[in-house]
$ cat final-v2.cif   # mmCIF, C-alpha atoms
data_data
loop_
_atom_site.label_atom_id
_atom_site.label_comp_id
_atom_site.auth_asym_id
_atom_site.auth_seq_id
_atom_site.Cartn_x
_atom_site.Cartn_y
_atom_site.Cartn_z
CA MET A 18 74.62 3.09 -22.68
CA ARG A 19 75.13 5.74 -20.00
CA HIS A 20 72.68 8.01 -21.83
CA TRP A 21 70.07 5.22 -21.89
CA LYS A 22 70.47 4.62 -18.12
CA ALA A 23 70.00 8.33 -17.45
CA LEU A 24 66.77 8.36 -19.44
CA THR A 25 65.54 5.27 -17.58
CA THR A 26 66.29 6.85 -14.20
CA PHE A 27 64.50 10.04 -15.22
CA ALA A 28 61.44 8.10 -16.38
CA LEU A 29 61.23 6.17 -13.11
CA LEU A 30 61.56 9.37 -11.14
CA LEU A 31 58.81 11.02 -13.18
CA TRP A 32 56.57 7.96 -12.65
CA SER A 33 57.12 8.05 -8.88
CA VAL A 34 56.13 11.72 -8.74
CA THR A 35 52.92 11.48 -10.77
CA ILE A 36 51.53 8.05 -9.96
CA TRP A 37 49.26 9.31 -7.17
CA SER A 38 47.51 11.64 -9.58
CA GLN A 39 46.45 8.86 -11.92
CA PRO A 40 43.41 6.58 -12.00
CA VAL A 41 44.09 3.05 -10.81
CA SER A 42 42.42 -0.30 -11.25
CA SER A 43 39.80 -0.86 -8.55
CA SER A 44 39.61 -4.63 -8.85
CA ALA A 45 42.15 -5.30 -6.10
CA LEU A 46 41.86 -2.13 -4.02
CA GLN A 47 39.90 -1.59 -0.83
CA GLU A 48 38.84 1.97 -0.11
CA GLY A 49 40.56 3.83 2.72
CA LYS A 50 44.13 3.87 4.00
CA VAL A 51 46.74 1.74 2.23
CA PRO A 52 50.53 1.92 2.49
CA GLU A 53 50.70 3.98 -0.70
CA GLY A 54 48.14 6.57 0.46
CA THR A 55 44.34 6.73 0.54
CA VAL A 56 42.14 4.95 -1.98
CA TYR A 57 38.92 6.75 -2.85
CA TYR A 58 36.19 6.59 -5.45
CA LEU A 59 34.04 9.17 -7.17
CA PRO A 60 30.30 8.69 -7.48
CA LYS A 61 28.01 8.21 -10.41
CA THR A 62 24.45 9.46 -10.22
CA ALA A 63 21.47 7.14 -9.73
CA PHE A 64 17.75 7.86 -9.67
CA HIS A 65 15.24 6.65 -7.11
CA PHE A 66 11.73 6.35 -8.55
CA HIS A 67 9.12 6.66 -5.78
CA LEU A 68 5.78 5.40 -7.09
CA LEU A 69 2.46 5.93 -5.31
CA ILE A 70 0.27 3.02 -6.37
CA GLU A 71 -3.38 2.85 -5.43
CA LYS A 72 -4.96 -0.55 -4.99
CA THR A 73 -8.75 -0.66 -5.30
CA ASP A 74 -10.32 -3.87 -4.00
CA TYR A 75 -14.03 -4.38 -4.68
CA THR A 76 -15.88 -7.13 -2.79
CA PRO A 77 -19.45 -7.83 -3.98
CA GLY A 78 -22.27 -7.63 -1.44
CA LEU A 79 -24.09 -10.63 -0.05
CA PHE A 80 -27.28 -9.53 -1.84
CA ALA A 81 -25.59 -8.30 -5.05
CA LYS A 82 -27.77 -10.45 -7.35
CA TYR A 83 -30.92 -8.88 -5.86
CA ALA A 84 -29.81 -5.24 -6.14
CA GLU A 85 -31.79 -4.59 -9.32
CA LYS A 86 -34.92 -6.47 -8.17
CA TYR A 87 -35.37 -4.77 -4.80
CA LEU A 88 -33.43 -1.47 -5.10
CA HIS A 89 -33.61 -0.93 -8.86
CA LEU A 90 -29.79 -0.67 -9.02
CA GLN A 91 -28.29 -1.81 -12.30
CA HIS A 92 -24.82 -3.04 -13.29
CA ILE A 93 -23.88 -4.20 -9.79
CA SER A 94 -20.93 -6.58 -10.14
CA GLN A 95 -21.18 -9.98 -8.49
CA GLU A 96 -17.46 -10.72 -8.80
CA ARG A 97 -14.49 -9.46 -6.87
CA GLN A 98 -12.36 -6.90 -8.74
CA VAL A 99 -8.83 -5.70 -7.97
CA ASN A 100 -7.28 -2.76 -9.76
CA HIS A 101 -3.91 -1.03 -9.38
CA ARG A 102 -3.01 2.34 -10.86
CA LEU A 103 -0.23 4.92 -10.57
CA ILE A 104 -1.59 8.05 -8.92
CA ASP A 105 1.64 9.99 -8.36
CA PHE A 106 5.42 9.66 -8.46
CA GLN A 107 8.54 11.48 -7.35
CA LEU A 108 12.18 11.27 -8.35
CA SER A 109 15.19 11.69 -6.10
CA GLN A 110 18.91 11.31 -6.78
CA THR A 111 21.67 9.53 -4.96
CA GLY A 112 25.34 8.86 -5.52
CA VAL A 113 26.73 5.34 -5.85
CA ARG A 114 30.34 4.24 -6.10
CA ASP A 115 31.68 4.36 -9.64
CA THR A 116 34.20 1.51 -9.80
CA SER A 117 35.68 2.97 -12.98
CA LYS A 118 36.81 6.06 -11.05
CA CYS A 119 39.18 4.76 -8.40
CA PHE A 120 42.14 6.92 -7.31
CA ILE A 121 44.98 7.02 -4.79
CA VAL A 122 46.12 10.22 -3.12
CA ASN A 123 49.27 10.60 -1.05
CA LEU A 124 49.38 14.01 0.60
CA LYS A 125 52.67 15.36 1.95
CA GLY A 126 53.98 18.48 3.57
CA LYS A 127 51.35 20.76 5.12
CA SER A 128 48.59 18.47 3.84
CA ALA A 129 50.00 15.26 5.33
CA THR A 130 47.65 15.47 8.31
CA SER A 131 44.55 16.16 6.22
CA GLU A 132 41.38 14.35 7.28
CA ILE A 133 39.91 12.56 4.28
CA LYS A 134 36.26 11.64 4.75
CA LEU A 135 34.76 8.81 2.73
CA SER A 136 31.27 7.35 2.59
CA ASP A 137 30.64 3.77 3.72
CA ASP A 138 31.37 2.54 0.20
CA GLY A 139 34.53 4.62 -0.22
CA VAL A 140 33.22 7.66 -2.14
CA LEU A 141 35.14 10.86 -1.43
CA LEU A 142 32.94 13.31 0.49
CA ALA A 143 35.26 15.92 2.01
CA VAL A 144 38.79 16.78 3.04
CA ASN A 145 39.28 18.80 6.23
CA ASP A 146 35.60 19.73 6.07
CA THR A 147 32.09 18.61 6.95
CA PRO A 148 30.45 16.43 4.29
CA MET A 149 27.54 17.96 2.45
CA THR A 150 24.08 17.03 3.73
CA VAL A 151 21.62 15.90 1.08
CA LYS A 152 17.91 16.29 1.67
CA SER A 153 16.43 12.82 1.80
CA HIS A 154 13.14 11.72 0.31
CA LYS A 155 10.24 11.86 2.77
CA PRO A 156 8.46 8.51 2.66
CA PHE A 157 4.74 8.43 2.00
CA VAL A 158 2.61 7.78 5.08
CA ALA A 159 -0.86 6.38 4.42
CA ALA A 160 -3.81 7.76 6.32
CA ALA A 161 -5.15 5.62 9.12
CA LYS A 162 -7.77 3.17 7.92
CA LYS A 163 -11.29 3.25 9.29
CA ARG A 164 -12.47 0.22 11.11
CA PRO A 165 -14.51 -1.94 8.74
CA VAL A 166 -18.25 -2.05 9.43
CA ASP A 167 -19.99 -5.41 9.75
CA PRO A 168 -23.34 -4.88 7.97
CA MET A 169 -24.82 -8.09 9.34
CA ARG A 170 -25.13 -6.57 12.80
CA TYR A 171 -27.57 -3.98 11.40
CA LEU A 172 -30.00 -6.51 9.95
CA SER A 173 -33.43 -6.76 11.52
CA GLU A 174 -34.40 -9.87 13.47
CA GLU A 175 -36.84 -10.84 10.72
CA ALA A 176 -34.13 -10.68 8.06
CA LEU A 177 -31.72 -12.69 10.18
CA ALA A 178 -34.37 -15.37 10.73
CA ALA A 179 -35.40 -15.64 7.07
CA GLY A 180 -34.74 -19.02 5.53
CA SER A 181 -33.59 -17.96 2.06
CA MET A 182 -31.13 -15.38 0.73
CA ALA A 183 -33.83 -13.86 -1.46
CA LYS A 184 -36.12 -13.34 1.55
CA LYS A 185 -33.27 -11.82 3.56
CA ALA A 186 -32.63 -9.38 0.71
CA GLU A 187 -36.32 -8.47 0.44
CA LEU A 188 -36.67 -7.79 4.17
CA THR A 189 -33.44 -5.76 4.17
CA ALA A 190 -34.75 -3.61 1.32
CA LEU A 191 -37.94 -2.97 3.34
CA GLN A 192 -35.83 -2.05 6.38
CA MET A 193 -33.90 0.46 4.26
CA ALA A 194 -37.12 2.00 2.99
CA GLU A 195 -38.35 2.44 6.58
CA LEU A 196 -35.06 4.13 7.51
CA LYS A 197 -35.41 6.61 4.64
CA GLU A 198 -38.98 7.41 5.64
CA HIS A 199 -38.07 7.89 9.29
CA ARG A 200 -35.20 10.19 8.32
CA GLN A 201 -37.49 12.35 6.25
CA LEU A 202 -40.00 12.62 9.11
CA LEU A 203 -37.22 13.75 11.46
CA ILE A 204 -36.07 16.44 9.02
CA THR A 205 -39.63 17.77 8.50
CA GLY A 206 -40.45 17.58 12.22
CA GLU A 207 -43.29 15.10 11.70
CA ALA A 208 -41.79 12.13 13.58
CA GLU A 209 -43.75 10.81 16.55
CA GLU A 210 -40.77 11.23 18.86
CA MET A 211 -38.82 14.34 17.99
CA PRO A 212 -35.45 15.08 19.64
CA SER A 213 -35.28 17.88 22.20
CA ASP A 214 -32.53 19.89 20.46
CA ARG A 215 -30.60 20.20 17.21
CA ALA A 216 -27.55 18.29 18.50
CA GLN A 217 -29.68 15.28 19.42
CA LEU A 218 -31.42 15.46 16.05
CA GLN A 219 -28.05 15.33 14.29
CA LEU A 220 -27.01 12.30 16.33
CA MET A 221 -30.18 10.48 15.29
CA LEU A 222 -29.70 11.37 11.63
CA ASP A 223 -26.08 10.20 11.74
CA GLU A 224 -27.09 6.85 13.21
CA ILE A 225 -29.75 6.36 10.54
CA ASP A 226 -27.25 7.17 7.79
CA LYS A 227 -24.73 4.74 9.28
CA THR A 228 -27.29 1.94 9.41
CA TYR A 229 -28.57 2.67 5.90
CA ASP A 230 -25.06 2.69 4.38
CA ALA A 231 -24.18 -0.58 6.10
CA LEU A 232 -27.32 -2.28 4.72
CA LEU A 233 -26.76 -0.77 1.28
CA SER A 234 -23.26 -2.34 1.18
CA LEU A 235 -24.94 -5.77 1.27
CA PHE A 236 -26.30 -4.94 -2.20
CA ILE A 237 -23.67 -2.75 -3.85
CA GLY A 238 -20.60 -4.27 -2.18
CA VAL A 239 -17.59 -2.64 -0.54
CA THR A 240 -14.64 -0.92 -2.22
CA GLU A 241 -11.44 -0.49 -0.23
CA CYS A 242 -8.64 1.81 -1.40
CA ASP A 243 -5.08 1.39 -0.21
CA THR A 244 -2.17 3.55 -1.38
CA THR A 245 1.40 2.37 -0.95
CA GLU A 246 4.79 3.72 -1.99
CA GLN A 247 7.04 1.43 -3.98
CA ALA A 248 10.50 2.36 -5.18
CA PHE A 249 13.23 1.17 -7.47
CA THR A 250 16.64 2.52 -8.47
CA LEU A 251 17.99 3.24 -11.94
CA CYS A 252 21.64 4.09 -12.63
CA PRO A 253 22.00 4.84 -16.37
CA ASP A 254 25.40 4.73 -18.05
CA LYS A 255 24.23 5.99 -21.42
CA GLU A 256 21.36 7.68 -23.23
CA MET A 257 18.01 5.89 -23.39
CA LYS A 258 15.30 6.12 -26.06
CA ARG A 259 11.81 5.12 -24.86
CA GLU A 260 13.01 2.15 -22.87
CA VAL A 261 10.55 0.32 -20.63
CA ILE A 262 11.66 0.82 -17.02
CA PHE A 263 8.63 -0.60 -15.19
CA ARG A 264 5.09 -1.88 -15.69
CA ILE A 265 1.95 -1.71 -13.59
CA SER A 266 -0.45 -4.62 -13.75
CA ARG A 267 -4.10 -4.06 -12.85
CA GLN A 268 -4.12 -7.27 -10.85
CA GLN A 269 -0.64 -7.32 -9.29
CA GLY A 270 0.54 -3.72 -9.17
CA LEU A 271 4.22 -3.02 -9.87
CA VAL A 272 5.71 -5.84 -11.93
CA ASP A 273 8.95 -6.47 -13.78
CA LYS A 274 9.50 -4.50 -16.96
CA ASP A 275 9.44 -7.77 -18.96
CA ASP A 276 6.04 -8.79 -17.57
CA LEU A 277 3.64 -8.12 -20.44
CA SER A 278 0.62 -8.22 -18.12
CA GLY A 279 1.44 -4.67 -17.00
CA ILE A 280 0.99 -1.30 -18.67
CA PRO A 281 4.43 -0.08 -19.81
CA PHE A 282 6.10 3.11 -18.59
CA TYR A 283 8.93 4.38 -20.78
CA LEU A 284 11.96 6.54 -20.10
CA THR A 285 13.92 8.71 -22.51
CA LEU A 286 17.26 10.02 -21.24
CA GLU A 287 19.01 12.58 -23.43
CA ASP A 288 22.54 13.84 -22.91
CA LEU A 289 22.35 17.64 -23.21
CA HIS A 290 26.14 17.88 -23.69
CA GLN A 291 26.33 20.70 -21.16
CA GLN A 292 28.44 21.12 -18.06
CA SER A 293 28.03 23.44 -15.08
CA GLN A 294 29.50 26.93 -15.27
CA GLN A 295 32.74 26.00 -13.55
CA GLN A 296 36.14 27.01 -14.89
CA TYR A 297 38.52 24.23 -15.83
CA ASP A 298 41.49 25.99 -17.45
CA PHE A 299 43.76 25.93 -14.39
CA PRO A 300 47.49 26.58 -14.73
CA GLU A 301 49.51 23.41 -14.98
CA ASN A 302 51.08 23.91 -11.56
CA LYS A 303 47.61 23.52 -10.01
CA LYS A 304 47.28 20.08 -11.53
CA ASP A 305 50.19 18.56 -9.67
CA GLY A 306 48.62 16.44 -6.93
CA GLY A 307 45.29 17.16 -5.31
CA PHE A 308 42.07 15.21 -5.76
CA TYR A 309 40.11 14.08 -8.76
CA THR A 310 36.54 15.42 -8.85
CA ASN A 311 33.65 15.13 -11.26
CA ILE A 312 32.48 17.81 -13.63
CA PRO A 313 28.92 16.55 -14.14
CA GLY A 314 27.01 16.87 -17.36
CA PHE A 315 23.29 17.50 -17.70
CA ALA A 316 20.67 15.11 -18.98
CA ARG A 317 16.98 15.47 -19.80
CA LEU A 318 14.74 12.75 -18.41
CA THR A 319 11.24 12.24 -19.86
CA LEU A 320 8.75 9.70 -18.50
CA TYR A 321 5.87 8.29 -20.55
CA ARG A 322 2.84 6.12 -19.78
CA GLU A 323 2.38 4.32 -23.08
CA ASP A 324 2.10 7.31 -25.47
CA GLN A 325 1.26 9.92 -22.82
CA GLN A 326 4.11 12.15 -21.64
CA LEU A 327 3.96 12.43 -17.84
CA ALA A 328 6.91 14.63 -16.91
CA THR A 329 10.25 16.05 -18.05
CA TYR A 330 13.20 16.92 -15.80
CA ASP A 331 16.76 18.20 -16.28
CA TYR A 332 19.30 16.71 -13.88
CA PRO A 333 23.09 16.81 -13.42
CA LEU A 334 24.66 13.37 -13.92
CA ALA A 335 28.23 12.53 -12.99
CA GLN A 336 28.54 9.87 -15.69
CA PHE A 337 27.61 12.33 -18.46
CA GLY A 338 30.53 14.62 -17.62
CA PHE A 339 34.27 14.16 -17.02
CA THR A 340 36.85 14.25 -14.21
CA GLU A 341 39.25 17.02 -13.30
CA LEU A 342 42.23 17.10 -10.93
CA ARG A 343 41.58 19.87 -8.44
CA GLY A 344 43.45 21.77 -5.77
CA GLY A 345 46.96 20.36 -6.20
CA PHE A 346 48.65 23.71 -5.71
CA LEU A 347 46.52 24.54 -2.66
CA PHE A 348 47.00 21.17 -0.96
CA LYS A 349 50.78 21.34 -1.45
CA LYS A 350 51.10 24.84 0.04
CA TYR A 351 48.36 25.31 2.62
CA PRO A 352 45.86 23.44 4.81
CA THR A 353 42.96 23.13 2.38
CA HIS A 354 39.24 22.41 2.74
CA LEU A 355 37.41 20.43 0.06
CA ARG A 356 33.74 19.44 -0.02
CA LEU A 357 32.11 17.42 -2.81
CA ASN A 358 28.53 16.91 -3.79
CA PRO A 359 27.84 13.27 -2.80
CA ILE A 360 25.38 12.83 -5.69
CA THR A 361 27.49 14.18 -8.56
CA GLY A 362 31.04 14.34 -7.14
CA ALA A 363 31.26 18.03 -8.12
CA VAL A 364 33.18 20.52 -6.00
CA GLU A 365 30.96 22.45 -3.61
CA LYS A 366 33.85 24.07 -1.74
CA LEU A 367 37.60 24.38 -2.28
CA GLN A 368 39.32 26.76 0.10
CA ALA A 369 42.83 27.10 1.55
CA GLU A 370 43.98 28.67 4.82
CA MET A 371 46.90 30.96 4.10
CA PRO A 372 49.15 32.08 6.98
CA LYS A 373 48.22 35.33 8.69
CA LYS A 374 50.16 38.44 7.98
CA LYS A 375 50.82 40.67 10.92
CA GLY A 376 47.69 42.63 11.77
CA GLU A 377 45.61 40.88 9.12
CA GLU A 378 43.04 38.12 9.18
CA THR A 379 43.84 34.76 7.66
CA GLU A 380 43.37 34.84 3.90
CA LYS A 381 41.34 32.05 2.38
CA PRO A 382 41.87 31.86 -1.35
CA GLU A 383 39.31 29.82 -3.25
CA GLU A 384 39.94 28.07 -6.50
CA SER A 385 37.21 28.95 -8.99
CA LEU A 386 34.37 26.42 -8.89
#
$ encode --input "final-v2.cif" --output "structure tokens"
Amino acid sequence: MRHWKALTTFALLLWSVTIWSQPVSSSALQEGKVPEGTVYYLPKTAFHFHLLIEKTDYTPGLFAKYAEKYLHLQHISQERQVNHRLIDFQLSQTGVRDTSKCFIVNLKGKSATSEIKLSDDGVLLAVNDTPMTVKSHKPFVAAAKKRPVDPMRYLSEEALAAGSMAKKAELTALQMAELKEHRQLLITGEAEEMPSDRAQLQLMLDEIDKTYDALLSLFIGVTECDTTEQAFTLCPDKEMKREVIFRISRQQGLVDKDDLSGIPFYLTLEDLHQQSQQQYDFPENKKDGGFYTNIPGFARLTLYREDQQLATYDYPLAQFGFTELRGGFLFKKYPTHLRLNPITGAVEKLQAEMPKKKGEETEKPEESL
């Protein structure tokens, strides 16, 4: 009986020493300071897809049905047409809280005053150090649109006064022919009133071209192009084999992946079963305490438009790797600096401040990354 009690006491003591180095359930824990220590999470890696989608909006001209008769232009549509297409895309990464990787740390001794820095959602960023800055995606900025031209203000008085649409179209076609003839006379120097210098000549030619194009739009219509950036986030937990991740509809643009009106875009995500070139075989005494960090794996991401391969990338992903307890020996003995990659949770810096020896600078041993 006495032997059994001794074993029980030893087990409880062992549990009290090692509990802060173990994962805990996150369902009832709020990140940050708690009586038992500090609750923190590690991140998993998500992708932001930034899609540049061009919308082309064609509006038929007022005289579209007369384009062939008066201007000999064929195949001019008399119906409005809207078309969306993907013209470019970019990928960026971000880290999001992984609720399956929740830990408590309780630092003592020289590390008791350590400053633990967490993100807004409780992901561990740094200890006694400045969090790593991640370059953010630069949003697309569309060029300023030109003011639309009202072609009706360029119509002749005769065309405006005409009683039928057909007559208006006929008179407009005659006006356009006169503009072309006058332009040619200016270029050849045969116009009745020639400008005094080249700059004035160019101004006259520009005004003729502007008027001609405005009248022509009454026959061929107007096409407006507008490019916008649309984004969505994907956080994969496993490999993917040609899974539809989004669709682009000609009429509506970006639509849900289950909307069959859109052209499908597929993603294949392959686990490469590789980790970064960090060393993990630390002596056991380094694994007593410290912080859990991620050792990310690498994945190959391939994007397809139907059967056409668009791009292939290799990225580090936290969820395709494993976790490792880091820096226990350093945190127990010395003030220690730790900085993690906020996207992958990997160690970017692990450095301790050892006490100065007389006449020497402070030594800063680093655990191998």
$ atom_distance --input "final-v2.cif" --atom1 "CA of Pro359 (chain A)" --atom2 "CA of Asp115 (chain A)"
11.9 Å
$ resolve_selection --input "final-v2.cif" --expression "the PyMOL selection byres ((chain A and resi 154) around 9)" --output "PyMOL selection string"
chain A and resi 67+107-109+152-153+155-156
$ resolve_selection --input "final-v2.cif" --expression "the PyMOL selection byres ((chain A and resi 62) around 7)" --output "list in words"
Pro60, Lys61, Ala63, Phe64, Gln110, Thr111, Gly112, Val113, Cys252, Leu334, Ala335, Gln336, Ile360 and Thr361 of chain A
$ closest_residue --input "final-v2.cif" --among "A:Asp243, A:Glu323, A:Glu341, A:Glu85" --to "Phe308 (chain A)" --atoms "all atoms listed in the file"
A:Glu341
$ atom_distance --input "final-v2.cif" --atom1 "CA of Lys274 (chain A)" --atom2 "CA of Ile70 (chain A)"
15.9 Å
$ atom_distance --input "final-v2.cif" --atom1 "CA of Leu59 (chain A)" --atom2 "CA of Thr116 (chain A)"
8.1 Å
$ residues_around --input "final-v2.cif" --residues "Val144 (chain A)" --least-positions-apart "4" --cutoff "9 Å" --atoms "only C-alpha atoms" --output "PyMOL selection string"
chain A and resi 131-135+148+353-357
$ resolve_selection --input "final-v2.cif" --expression "the PyMOL selection byres ((chain A and resi 161) around 12)" --output "short mmCIF file (atom, residue, chain, number, x, y, z; two decimals) with C-alpha atoms, in the frame of the given file"
data_model
loop_
_atom_site.label_atom_id
_atom_site.label_comp_id
_atom_site.auth_asym_id
_atom_site.auth_seq_id
_atom_site.Cartn_x
_atom_site.Cartn_y
_atom_site.Cartn_z
CA VAL A 158 2.61 7.78 5.08
CA ALA A 159 -0.86 6.38 4.42
CA ALA A 160 -3.81 7.76 6.32
CA LYS A 162 -7.77 3.17 7.92
CA LYS A 163 -11.29 3.25 9.29
CA ARG A 164 -12.47 0.22 11.11
CA CYS A 242 -8.64 1.81 -1.40
CA ASP A 243 -5.08 1.39 -0.21
CA THR A 244 -2.17 3.55 -1.38
#
$ closest_residue --input "final-v2.cif" --among "A:Asn123, A:Asn100, A:Ser128, A:Thr245" --to "Phe346 (chain A)" --atoms "all atoms listed in the file"
A:Ser128
$ residues_around --input "final-v2.cif" --residues "region 227-239 of chain A" --least-positions-apart "3" --cutoff "10 Å" --atoms "all atoms listed in the file" --output "PDB file with C-alpha atoms, keeping the file's coordinate frame"
ATOM      1  CA  ASP A  74     -10.320  -3.870  -4.000  1.00  0.00           C
ATOM      2  CA  TYR A  75     -14.030  -4.380  -4.680  1.00  0.00           C
ATOM      3  CA  THR A  76     -15.880  -7.130  -2.790  1.00  0.00           C
ATOM      4  CA  PRO A  77     -19.450  -7.830  -3.980  1.00  0.00           C
ATOM      5  CA  GLY A  78     -22.270  -7.630  -1.440  1.00  0.00           C
ATOM      6  CA  LEU A  79     -24.090 -10.630  -0.050  1.00  0.00           C
ATOM      7  CA  PHE A  80     -27.280  -9.530  -1.840  1.00  0.00           C
ATOM      8  CA  ALA A  81     -25.590  -8.300  -5.050  1.00  0.00           C
ATOM      9  CA  LYS A  82     -27.770 -10.450  -7.350  1.00  0.00           C
ATOM     10  CA  TYR A  83     -30.920  -8.880  -5.860  1.00  0.00           C
ATOM     11  CA  ALA A  84     -29.810  -5.240  -6.140  1.00  0.00           C
ATOM     12  CA  GLU A  85     -31.790  -4.590  -9.320  1.00  0.00           C
ATOM     13  CA  TYR A  87     -35.370  -4.770  -4.800  1.00  0.00           C
ATOM     14  CA  LEU A  88     -33.430  -1.470  -5.100  1.00  0.00           C
ATOM     15  CA  LEU A  90     -29.790  -0.670  -9.020  1.00  0.00           C
ATOM     16  CA  GLN A  91     -28.290  -1.810 -12.300  1.00  0.00           C
ATOM     17  CA  HIS A  92     -24.820  -3.040 -13.290  1.00  0.00           C
ATOM     18  CA  ILE A  93     -23.880  -4.200  -9.790  1.00  0.00           C
ATOM     19  CA  SER A  94     -20.930  -6.580 -10.140  1.00  0.00           C
ATOM     20  CA  GLN A  95     -21.180  -9.980  -8.490  1.00  0.00           C
ATOM     21  CA  GLU A  96     -17.460 -10.720  -8.800  1.00  0.00           C
ATOM     22  CA  ARG A  97     -14.490  -9.460  -6.870  1.00  0.00           C
ATOM     23  CA  PRO A 165     -14.510  -1.940   8.740  1.00  0.00           C
ATOM     24  CA  VAL A 166     -18.250  -2.050   9.430  1.00  0.00           C
ATOM     25  CA  ASP A 167     -19.990  -5.410   9.750  1.00  0.00           C
ATOM     26  CA  PRO A 168     -23.340  -4.880   7.970  1.00  0.00           C
ATOM     27  CA  MET A 169     -24.820  -8.090   9.340  1.00  0.00           C
ATOM     28  CA  ARG A 170     -25.130  -6.570  12.800  1.00  0.00           C
ATOM     29  CA  TYR A 171     -27.570  -3.980  11.400  1.00  0.00           C
ATOM     30  CA  LEU A 172     -30.000  -6.510   9.950  1.00  0.00           C
ATOM     31  CA  ALA A 186     -32.630  -9.380   0.710  1.00  0.00           C
ATOM     32  CA  THR A 189     -33.440  -5.760   4.170  1.00  0.00           C
ATOM     33  CA  ALA A 190     -34.750  -3.610   1.320  1.00  0.00           C
ATOM     34  CA  GLN A 192     -35.830  -2.050   6.380  1.00  0.00           C
ATOM     35  CA  MET A 193     -33.900   0.460   4.260  1.00  0.00           C
ATOM     36  CA  ALA A 194     -37.120   2.000   2.990  1.00  0.00           C
ATOM     37  CA  GLU A 195     -38.350   2.440   6.580  1.00  0.00           C
ATOM     38  CA  LEU A 196     -35.060   4.130   7.510  1.00  0.00           C
ATOM     39  CA  LYS A 197     -35.410   6.610   4.640  1.00  0.00           C
ATOM     40  CA  MET A 221     -30.180  10.480  15.290  1.00  0.00           C
ATOM     41  CA  LEU A 222     -29.700  11.370  11.630  1.00  0.00           C
ATOM     42  CA  ASP A 223     -26.080  10.200  11.740  1.00  0.00           C
ATOM     43  CA  GLU A 224     -27.090   6.850  13.210  1.00  0.00           C
TER      44      GLU A 224
END
$ closest_residue --input "final-v2.cif" --among "A:Lys50, A:Gly307, A:Ser117, A:Glu187" --to "Leu367 (chain A)" --atoms "all atoms listed in the file"
A:Gly307
$ residues_around --input "final-v2.cif" --residues "Phe282 (chain A)" --least-positions-apart "3" --cutoff "8 Å" --atoms "only C-alpha atoms" --output "number ranges by chain"
A: 261-264, 320-323
$ decode --input "final-v2.cif" --residues "region 278-289 of chain A" --atoms "N, CA and C atoms" --output "PDB file, in the first residue's frame"
ATOM      1  N   SER A 278     -23.286  27.677 -64.200  1.00  0.00           N
ATOM      2  CA  SER A 278     -23.284  28.658 -65.283  1.00  0.00           C
ATOM      3  C   SER A 278     -21.880  29.199 -65.549  1.00  0.00           C
ATOM      4  N   GLY A 279     -20.948  28.951 -64.628  1.00  0.00           N
ATOM      5  CA  GLY A 279     -19.603  29.489 -64.759  1.00  0.00           C
ATOM      6  C   GLY A 279     -18.601  28.466 -65.255  1.00  0.00           C
ATOM      7  N   ILE A 280     -17.533  28.957 -65.877  1.00  0.00           N
ATOM      8  CA  ILE A 280     -16.428  28.107 -66.313  1.00  0.00           C
ATOM      9  C   ILE A 280     -15.644  27.674 -65.078  1.00  0.00           C
ATOM     10  N   PRO A 281     -15.378  26.373 -64.919  1.00  0.00           N
ATOM     11  CA  PRO A 281     -14.705  25.913 -63.695  1.00  0.00           C
ATOM     12  C   PRO A 281     -13.201  26.143 -63.710  1.00  0.00           C
ATOM     13  N   PHE A 282     -12.678  26.474 -62.532  1.00  0.00           N
ATOM     14  CA  PHE A 282     -11.237  26.552 -62.299  1.00  0.00           C
ATOM     15  C   PHE A 282     -10.911  25.536 -61.205  1.00  0.00           C
ATOM     16  N   TYR A 283      -9.922  24.688 -61.486  1.00  0.00           N
ATOM     17  CA  TYR A 283      -9.605  23.566 -60.606  1.00  0.00           C
ATOM     18  C   TYR A 283      -8.280  23.808 -59.883  1.00  0.00           C
ATOM     19  N   LEU A 284      -8.173  23.169 -58.714  1.00  0.00           N
ATOM     20  CA  LEU A 284      -6.938  23.228 -57.938  1.00  0.00           C
ATOM     21  C   LEU A 284      -6.499  21.821 -57.566  1.00  0.00           C
ATOM     22  N   THR A 285      -5.218  21.558 -57.788  1.00  0.00           N
ATOM     23  CA  THR A 285      -4.589  20.339 -57.286  1.00  0.00           C
ATOM     24  C   THR A 285      -3.536  20.743 -56.259  1.00  0.00           C
ATOM     25  N   LEU A 286      -3.614  20.151 -55.076  1.00  0.00           N
ATOM     26  CA  LEU A 286      -2.676  20.451 -53.991  1.00  0.00           C
ATOM     27  C   LEU A 286      -2.020  19.144 -53.572  1.00  0.00           C
ATOM     28  N   GLU A 287      -0.720  19.065 -53.774  1.00  0.00           N
ATOM     29  CA  GLU A 287       0.034  17.832 -53.526  1.00  0.00           C
ATOM     30  C   GLU A 287       1.017  18.030 -52.378  1.00  0.00           C
ATOM     31  N   ASP A 288       0.932  17.166 -51.396  1.00  0.00           N
ATOM     32  CA  ASP A 288       1.887  17.178 -50.292  1.00  0.00           C
ATOM     33  C   ASP A 288       3.216  16.624 -50.798  1.00  0.00           C
ATOM     34  N   LEU A 289       4.278  17.442 -50.737  1.00  0.00           N
ATOM     35  CA  LEU A 289       5.589  17.005 -51.226  1.00  0.00           C
ATOM     36  C   LEU A 289       6.352  16.184 -50.193  1.00  0.00           C
TER      37      LEU A 289
END
